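Below you'll find the structure, written out as structure tokens, and then a few comments.
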Amino acid sequence: MRYVSLQKNKLSQFVKSLQKKYKVVAPVKKENLFVFAEVEDPEEISIDYIPTILPPKKYFLPQHEKLGTFVKDSVSMAETNIDVEPTVLFGAHTCDIEGIECMDIVFHDSPLDPYFGKRKKSVIIIGYECMKPCDEYATCVTMDTLNPRAGYDIMITDIGDKYILHLNSPEGIEIGKNALFGKVTNERDMKNKLLKLREDKLKNFKVLLDAEYKELNKIFKGSYNSETWKDVGRKCVSCGNCTAVCPTCYCFDIYDDVKLDMSGGERRRVWDSCQLDEFATVAGGENFRKERSSRQRHRYYRKFDYSVIKYNKFFCVGCGRCTRTCMADISLIETVNSLTKEQKNAK
Amino acid sequence: MQSKTLKKGKTIPADFLYSPRAATIIRTKQMTANEKFFEIGFDDGQPLGQQPGQFIQLSIFGVGEAPVGVCSSPTKKDRSTFEICVRKVGTFTSALHRLNKGDKLGVRGPFGRGFPIDELKGNDVLIVAGGLGIVPLRSLINFIIDRKRDFGNVMILLGCKEPKDRLFTDEIDEWGNMLNISYACTVDRAAPDWKGNVGVITTLIPGVHIDKNRTYAVVVGPPVMYKYVIAELLKKGLSENQIILSLERRMKCGLGKCGHCQINHLYVCKDGPTFTYAELKGLGEAL
């Protein structure tokens, strides 16, 4: 059994049943935007949403995370326990699921990061397939993250009159045994139906990048010294918003948080950003990426080239968050299209 | 929304990836006005087990952590201790300088890829040390001295700002007296009574006799030094993979995760800190 169906008015009931066993985090409205947050009442969930302010990476690599505690005058950690709660990440888009896969590669690359690893294991991922574009910033079509592929336990697809749930793991199959769900008798028909649906939905999506998936890396290979970086650097205000909201940015700093009475404290890690001036500065004061242009270039290359060299994978999932959040109107689409134009003209 | 209480949650111990091991300072020595030497031993008596050129993360709770190159060789007679030499430049190193014999501190590591000692064996070795570069290079020099049979001629070139900045002067005099080890030093500026060379370190290279097929150059110094030294070494006929460099970068985790030390696709903490020039050539922001 790989597919089950669900009546559209029973989504809340489904979430309620999950809440018996799991903490459920899902997209909810926050002013004019959306965030992933824990839901008490399933009616709070906004299942049709544009990418949330922060991606769900916060459940795997929290903004602040305790690595261990220490007491005064000691030199080893008193305890290094991690609190995890069985959680369902509900309604994640395919781009964000790809983002989690990217984080997974980094933190599982030897040596395995025990904090990430243990959090990852405690989260069930239930995706929700996009049938229409979110806004004018997403490049999921080119980045090929628009359709479900892997990285989820269950994927929910709206096929019009009902939802179809693809059960993609033993945990997913277990959840699929719920009496709420209807049987899908002919699995092959369903698979073909979904394929057709995905072919048809493409008509709703615009292709915003001028380069194709297969050309992207080549374009970056030739663009290291492009003038485009100077333009991007001139606009950038080094606020670090783009990296905070990126589903695949994983850089962190480590610091000691000392209790007010100085009796001890916590060694913690906190999200950091390669866009900040001091990120690459060593104790003697030398900064290896002094210019904003070189820091922005570094960010782009970590999405479109360095990750390809290291992991054979783009670390841009096309969610559009960096563009949506940028205070200085730096657009990933404009930047990549500008590089593409330069490269094509150079030929 | 506030998170609910952990009614269904569980608590699991992480392993010791980020946990420092307890160590004690055995001996210290003020080397110059700003540089202090520490001999350190783990409280459990275990050796550090480092390769020459590797680094550790030192930890002082409440202050934080900092990456520090190890300056002793794993061939040192008393293997239960290791040595570092640190310049006072910031918050962490100032706190470290306040520590003395008997004080405790935390250590993670060793980390990174050390000097390629197996490749160096059977060859002549030219050591080029600028300023603090002598500190990590001392681990290699002492390794070579202890395994002298495996190495050919060793030439040590040392450059620093002023004569008073020279580190390990007593040891250096000894190195100079050893069979098959030659040594030259230059300073950027000096009082008239200085009898040695004056000038940047590159001025010493043309005078060195190099067997271009069978010599490795190992170069460590401030970032500005590398491109000039590399140019001189290439002129001497060394190929790009006969030039070994060690890079300094900001490092927080030492595990190839936190991103601070990244140069293009390379993590200095994991892929380095030692690289051949061939590996770094053409990479922006590397040299």
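We name chains A, B, ... following the order of the structure tokens; residues begin at 1 in each chain, and ligands are numbered from 1 as shown.
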
### Task
Write out as a PyMOL selection string every residue belonging to chain A that has an atom at most 6 Å from any atom of chain B, counting only C-alpha atoms.
chain A and resi 75-76+80-85+114+251-252+255-256+258+280+282+306

### Task
Provide the CA of Gly182 (chain A) to CA of Lys162 (chain A) distance in Å, to one decimal place.
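Atom-to-atom, CA of Gly182 (chain A) to CA of Lys162 (chain A), that is 10.2 Å.
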
### Message
as an MDAnalysis selection string, please: every residue in region 74-282 of chain A that DSSP puts in strand (DSSP E).
### Response
chainID A and resid 81:84 87:92 123:128 154:158 162:167 182:183 252:258 264:271

Only N, CA and C atoms, please: the residues just picked out, written as a short mmCIF file (atom, residue, chain, number, x, y, z; two decimals), in the first residue's frame.
```
data_model
loop_
_atom_site.label_atom_id
_atom_site.label_comp_id
_atom_site.auth_asym_id
_atom_site.auth_seq_id
_atom_site.Cartn_x
_atom_site.Cartn_y
_atom_site.Cartn_z
N ASN A 81 23.20 16.61 26.90
CA ASN A 81 21.95 15.98 26.47
C ASN A 81 21.18 16.86 25.49
N ILE A 82 20.45 16.18 24.61
CA ILE A 82 19.61 16.89 23.64
C ILE A 82 18.17 16.52 23.94
N ASP A 83 17.31 17.51 24.03
CA ASP A 83 15.88 17.22 24.21
C ASP A 83 15.23 17.12 22.85
N VAL A 84 14.67 15.97 22.56
CA VAL A 84 13.93 15.85 21.30
C VAL A 84 12.52 15.38 21.60
N THR A 87 8.04 14.68 16.51
CA THR A 87 7.40 15.83 15.87
C THR A 87 6.97 15.46 14.47
N VAL A 88 5.83 16.03 14.05
CA VAL A 88 5.45 15.94 12.65
C VAL A 88 5.60 17.32 12.05
N LEU A 89 6.43 17.41 11.00
CA LEU A 89 6.51 18.64 10.22
C LEU A 89 5.45 18.49 9.15
N PHE A 90 4.37 19.27 9.27
CA PHE A 90 3.19 19.07 8.43
C PHE A 90 3.09 20.15 7.37
N GLY A 91 2.89 19.73 6.12
CA GLY A 91 2.63 20.70 5.07
C GLY A 91 3.86 21.32 4.43
N ALA A 92 5.02 20.67 4.58
CA ALA A 92 6.24 21.22 3.99
C ALA A 92 6.18 21.14 2.47
N VAL A 123 11.82 13.61 13.66
CA VAL A 123 10.81 14.37 12.91
C VAL A 123 10.25 13.55 11.74
N ILE A 124 8.93 13.44 11.73
CA ILE A 124 8.22 12.84 10.59
C ILE A 124 7.88 13.98 9.63
N ILE A 125 8.20 13.79 8.36
CA ILE A 125 7.95 14.87 7.40
C ILE A 125 6.76 14.54 6.51
N ILE A 126 5.74 15.36 6.62
CA ILE A 126 4.55 15.21 5.77
C ILE A 126 4.49 16.42 4.86
N GLY A 127 4.71 16.18 3.58
CA GLY A 127 4.78 17.28 2.62
C GLY A 127 3.41 17.61 2.03
N TYR A 128 3.34 18.76 1.40
CA TYR A 128 2.11 19.18 0.71
C TYR A 128 2.52 19.74 -0.64
N ILE A 154 5.39 11.17 4.08
CA ILE A 154 4.11 11.20 3.38
C ILE A 154 4.07 12.47 2.53
N MET A 155 3.52 12.35 1.31
CA MET A 155 3.31 13.55 0.50
C MET A 155 1.82 13.67 0.20
N ILE A 156 1.27 14.81 0.50
CA ILE A 156 -0.16 15.05 0.25
C ILE A 156 -0.29 15.80 -1.07
N THR A 157 -1.12 15.27 -1.97
CA THR A 157 -1.36 15.94 -3.25
C THR A 157 -2.87 16.17 -3.41
N ASP A 158 -3.22 17.40 -3.76
CA ASP A 158 -4.61 17.75 -4.00
C ASP A 158 -4.94 17.38 -5.45
N LYS A 162 -10.28 15.24 -3.95
CA LYS A 162 -9.77 14.70 -2.67
C LYS A 162 -8.24 14.80 -2.62
N TYR A 163 -7.71 14.45 -1.47
CA TYR A 163 -6.26 14.40 -1.34
C TYR A 163 -5.78 12.97 -1.55
N ILE A 164 -4.63 12.86 -2.20
CA ILE A 164 -3.96 11.57 -2.28
C ILE A 164 -2.69 11.66 -1.43
N LEU A 165 -2.47 10.66 -0.59
CA LEU A 165 -1.28 10.64 0.25
C LEU A 165 -0.34 9.55 -0.25
N HIS A 166 0.87 9.96 -0.62
CA HIS A 166 1.89 8.97 -1.00
C HIS A 166 2.67 8.60 0.26
N LEU A 167 2.64 7.31 0.59
CA LEU A 167 3.32 6.84 1.80
C LEU A 167 4.71 6.37 1.41
N GLY A 182 -9.10 6.48 2.79
CA GLY A 182 -9.72 5.55 1.86
C GLY A 182 -8.65 4.77 1.12
N LYS A 183 -9.06 3.62 0.59
CA LYS A 183 -8.10 2.80 -0.15
C LYS A 183 -7.93 3.32 -1.57
N PHE A 252 27.32 28.25 11.51
CA PHE A 252 27.01 28.61 12.89
C PHE A 252 28.26 29.10 13.62
N ASP A 253 27.99 29.80 14.71
CA ASP A 253 29.05 30.25 15.60
C ASP A 253 28.87 29.47 16.90
N ILE A 254 29.94 29.39 17.70
CA ILE A 254 29.84 28.73 18.99
C ILE A 254 30.21 29.75 20.06
N TYR A 255 29.41 29.87 21.09
CA TYR A 255 29.70 30.85 22.13
C TYR A 255 29.28 30.31 23.49
N ASP A 256 29.81 30.94 24.54
CA ASP A 256 29.46 30.55 25.91
C ASP A 256 28.46 31.53 26.49
N ASP A 257 27.38 31.00 27.00
CA ASP A 257 26.35 31.82 27.63
C ASP A 257 26.48 31.61 29.14
N VAL A 258 27.01 32.60 29.82
CA VAL A 258 27.32 32.44 31.25
C VAL A 258 26.14 32.94 32.08
N GLY A 264 28.17 29.06 36.24
CA GLY A 264 28.32 28.12 35.12
C GLY A 264 27.60 28.69 33.92
N GLY A 265 27.23 27.80 33.00
CA GLY A 265 26.53 28.30 31.82
C GLY A 265 26.36 27.22 30.78
N GLU A 266 26.08 27.66 29.56
CA GLU A 266 25.89 26.73 28.45
C GLU A 266 26.82 27.09 27.32
N ARG A 267 27.42 26.09 26.71
CA ARG A 267 28.10 26.32 25.43
C ARG A 267 27.04 26.09 24.37
N ARG A 268 26.87 27.09 23.51
CA ARG A 268 25.76 27.05 22.55
C ARG A 268 26.27 27.30 21.14
N ARG A 269 25.47 26.86 20.17
CA ARG A 269 25.77 27.32 18.82
C ARG A 269 24.59 28.15 18.33
N VAL A 270 24.90 29.07 17.46
CA VAL A 270 23.89 30.01 16.98
C VAL A 270 24.12 30.21 15.49
N TRP A 271 23.04 30.37 14.74
CA TRP A 271 23.18 30.62 13.31
C TRP A 271 24.12 31.80 13.09
#
```

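Near Thr228 (chain A), within 12 Å and counting only C-alpha atoms, sit Phe220, Ser223, Tyr224, Val232, Gly233, Arg234, Lys235, Ser293, Ser294, Gln296, Arg297, Tyr300, Ile330, Ser331, Leu332, Glu334, Thr335, Val336, Asn337, Ser338, Leu339, Thr340, Lys341, Glu342 and Gln343 of chain A, not including residues fewer than 4 positions from it in the same chain.
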
Need the shell around Glu83 (chain B): protein/DNA/RNA residues with any atom at most 12 Å away, counting only C-alpha atoms. Skip same-chain ones fewer than 6 positions apart. Format as a JSON list (two decimals) with C-alpha atoms, in the first residue's frame?
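See around.json below for the written result:
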```
[["chain", "number", "residue", "atom", "x", "y", "z"],
["B", 24, "THR", "CA", 46.39, 20.72, 32.71],
["B", 25, "ILE", "CA", 49.19, 23.17, 32.03],
["B", 26, "ILE", "CA", 52.48, 21.51, 32.97],
["B", 27, "ARG", "CA", 54.85, 24.38, 32.20],
["B", 28, "THR", "CA", 54.77, 27.84, 30.68],
["B", 29, "LYS", "CA", 57.42, 30.17, 29.34],
["B", 36, "LYS", "CA", 53.72, 32.59, 25.57],
["B", 37, "PHE", "CA", 54.61, 28.91, 25.45],
["B", 38, "PHE", "CA", 52.53, 26.21, 27.16],
["B", 39, "GLU", "CA", 53.22, 22.54, 27.74],
["B", 40, "ILE", "CA", 49.91, 20.76, 28.28],
["B", 41, "GLY", "CA", 48.94, 17.24, 29.30],
["B", 42, "PHE", "CA", 45.58, 15.48, 29.32],
["B", 47, "PRO", "CA", 48.78, 11.46, 24.31],
["B", 48, "LEU", "CA", 47.25, 13.97, 21.91],
["B", 50, "GLN", "CA", 48.66, 14.58, 16.55],
["B", 52, "PRO", "CA", 52.88, 17.66, 12.66],
["B", 55, "PHE", "CA", 45.65, 21.97, 15.27],
["B", 56, "ILE", "CA", 43.45, 21.79, 18.36],
["B", 68, "VAL", "CA", 45.66, 26.77, 17.97],
["B", 69, "GLY", "CA", 48.40, 25.00, 16.03],
["B", 70, "VAL", "CA", 50.40, 22.41, 17.96],
["B", 71, "CYS", "CA", 54.14, 23.19, 17.97],
["B", 72, "SER", "CA", 55.50, 19.91, 19.35],
["B", 73, "SER", "CA", 56.19, 16.76, 17.42],
["B", 74, "PRO", "CA", 54.43, 13.48, 18.18],
["B", 76, "LYS", "CA", 58.65, 14.15, 21.54],
["B", 135, "VAL", "CA", 55.25, 27.79, 15.61],
["B", 136, "PRO", "CA", 53.46, 25.07, 13.60],
["B", 138, "ARG", "CA", 58.51, 23.59, 14.84],
["B", 139, "SER", "CA", 56.36, 20.45, 15.04],
["B", 142, "ASN", "CA", 61.37, 18.42, 15.51]]
```

### Task
Find, counting only C-alpha atoms, the residue in B:Gln30, B:Thr202, B:Asn180, B:Ser246 that gets nearest to Gly272 (chain B).
B:Ser246

All residues 9 Å or closer to Glu136 (chain A), only C-alpha atoms, same chain fewer than 5 positions away omitted, as a PDB file with N, CA and C atoms, in the first residue's frame:
```pdb
ATOM      1  N   LYS A 206       5.654  29.772 -14.289  1.00  0.00           N
ATOM      2  CA  LYS A 206       6.523  30.465 -15.232  1.00  0.00           C
ATOM      3  C   LYS A 206       7.966  30.051 -14.977  1.00  0.00           C
ATOM      4  N   LEU A 208      11.493  31.371 -14.664  1.00  0.00           N
ATOM      5  CA  LEU A 208      12.014  32.715 -14.414  1.00  0.00           C
ATOM      6  C   LEU A 208      13.521  32.828 -14.653  1.00  0.00           C
ATOM      7  N   GLY A 320      13.000  31.029  -3.227  1.00  0.00           N
ATOM      8  CA  GLY A 320      12.836  32.466  -3.420  1.00  0.00           C
ATOM      9  C   GLY A 320      12.947  33.304  -2.153  1.00  0.00           C
TER      10      GLY A 320
END
```

#### Entry: Residue contacts of region 98-102 of chain A (8 Å, only C-alpha atoms) excluding same-chain residues fewer than 4 positions away, as a PyMOL selection string
chain A and resi 56-57+94+106+145+150-151+247-248+315-317

### Task
Please provide the set of residues having any atom within 12 Å of region 192-205 of chain A, restricted to only C-alpha atoms, with same-chain residues fewer than 6 positions apart removed, written as an MDAnalysis selection string.
chainID A and resid 3 129:142 144 146:149 155:160 163:166 184 186

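Nearest residue to Lys270 (chain B) among A:Asp329, A:Asp109, A:Glu171, A:Glu187 is A:Asp109, counting only C-alpha atoms.
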